[in-house]
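First up is the structure itself, then whatever we jot down about it.
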Amino acid sequence: MNGKPEDRLERIVNDLLHGRRLKLRGGDAEEKEAITTAARLAGARQAPQRMHPAFRKRLAATLAQTPQEGWLTRRAALVAGLGLAAGAAGGTLVGRAVHPETARAGGEPINPVHGRWVDVAAMADLAEGQGQHVVAGSVSAFVFRRGDAVTAVSAICSHLPCELWWDGRNANLACPCHPATFESDGHPSVGYSLPALNTVHVRVTDAGRVEVLGTE
Amino acid sequence: MTEEEPAGQAEVIELPAASSATDMALDELELVYAFIYARVGNRADAEDLTQQVAMKAIPRLRPGAPASAIRGYLFATARSVLGAFWSTRLGLSEAELHDDLAMVTPEGPAPEEGTETVQLILAQLSDNYRRVLELRFLHGYSLKEVAAEMKSTVGAIKVMQLRALRAAAKVRLEE
């Protein structure tokens, strides 16, 4: 990564002191301990913090729409250090209680105005199951090949307007702007309550070319 | 993150029924927000992560759960979410984050632990390191202003800031 360590850290400190989001780049991990310490110091400057009224209102609205599973597992209770008496247990066994619904709507296809099919790759160039970033005019997408089938999802995070990247090691699409990842089908990974990514129209021609419905 | 457990093995606890778990949770989330803010140092990330905590934890709480139960579970979730945040951003493992995530679930409405902890950390640094971090972070001085205050150059202060943060990161506070 470019720049001296003190310059890179200063950029992060400056962002923090101006209330900006942490934007870390490759190489910053070398100073990870200094960065987490800087974040703590910045957090202490105006502590204790309260939620901004607008955020609290937005959060309330979100909570009001959140379906309640209605159960707290024993393990979760223990993790939380609640120490609830066993005798207080309702005794109900519910397997699904540990797995929150993470997917919220989303997943609609992108239908570009005056869309046109754009050649983005050769079928033979797509590695099985690996995300390949392609651009079809103003539509940015990741295409995936599984056998003879090809699917595509938008490369833009469904939460923050940042371009995703393919994390081959974990086989998912990761957002650089916040800790969110998506599966190759566009659904958020377990633990993230986000809308699914938009899907993108994709087809394979007789000549074995992959085309995405994009724009001029 | 791995807070989930294998499906089908969960014995669940039905908490006492009541009516306003969500309202109560919203107040509790104020504490979670302060906890997270004290660790990420900026509003945008703190809001993002607090929302994640809410979305993950609230669906699992039964209406009428006692405040202590809600608070405990929210903070356990906050620790998990923060771990994922740093892990994604910096490749930090939770073991490395032990001190950062170490938490005492607050009993009162106005947690000051972030400020107190920072003061304890600063107190263990050399005079110059403490001074540069106090001026920069607690008083909001620019690099140039710190350089003027400490009769040094911007370049030297920048290096000192890096070294001071490295030193601060090594401070281990007694439990």
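By convention here, the chains of the structure tokens are called A, B, ... in the order presented, each chain's residues are numbered starting at 1, and ligands are numbered starting at 1 in the order presented.
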
Fewer than 6 positions away in the same chain doesn't count, so skip those; otherwise give me all residues within 8 Å of region 33-41 of chain A, counting only C-alpha atoms, as a count of residues only. 18

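Of the listed residues A:Asp148, A:Asp206, A:Asp185, A:Glu10, the one whose atoms come nearest to chain B is A:Glu10, with distances taken using only C-alpha atoms.
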
Top pick for closest residue to chain A, considering B:Lys144, B:Arg172, B:Arg131, B:Arg71 and counting only C-alpha atoms: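 Using only C-alpha atoms, chain A sits closest to B:Arg71.
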
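Here CA of Gln161 (chain B) is placed at a distance of 25.5 Å from CA of Gly83 (chain B).
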
I'd like the interatomic distance between CA of Arg116 (chain A) and CA of Glu216 (chain A), to a tenth of an Å.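 It comes out at 6.9 Å.
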
For the atom pair CA of Gln119 (chain B) and CA of Glu134 (chain B), what is the interatomic distance in Å to one decimal place? 9.3 Å

Just want the 10 Å neighbourhood of Pro176 (chain A), counted on only C-alpha atoms, with same-chain residues fewer than 4 positions away dropped. Output as a PyMOL selection string. (chain A and resi 23-25+157+160+162-165+180-181) or (chain B and resi 88-89)

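If you measure from each of B:Ala46, B:Leu82, B:Leu135, B:Ala34 to chain A using only C-alpha atoms, the closest one turns out to be B:Ala34.
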
With distances taken over only C-alpha atoms, which residue among B:Tyr141, B:Trp86, B:Tyr73, B:Tyr129 lies nearest chain A? B:Tyr73

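Each of A:Ala127, A:Ile110, A:Val139, A:Asn170 was checked against chain B using only C-alpha atoms; the smallest atom-to-atom distance is that of A:Asn170.
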
Among the residues A:Leu194, A:Val135, A:Ile156, A:Ala171, the one that comes closest to chain B [using only C-alpha atoms]: A:Leu194

Tyr37 (chain B) environment, 8 Å, only C-alpha atoms, sequence neighbours closer than 6 positions dropped, as a list of chain:residue names: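 Counting only the stated atoms, we get A:Gly43, A:Gln49, B:Arg43, B:Asp45, B:Ala46.
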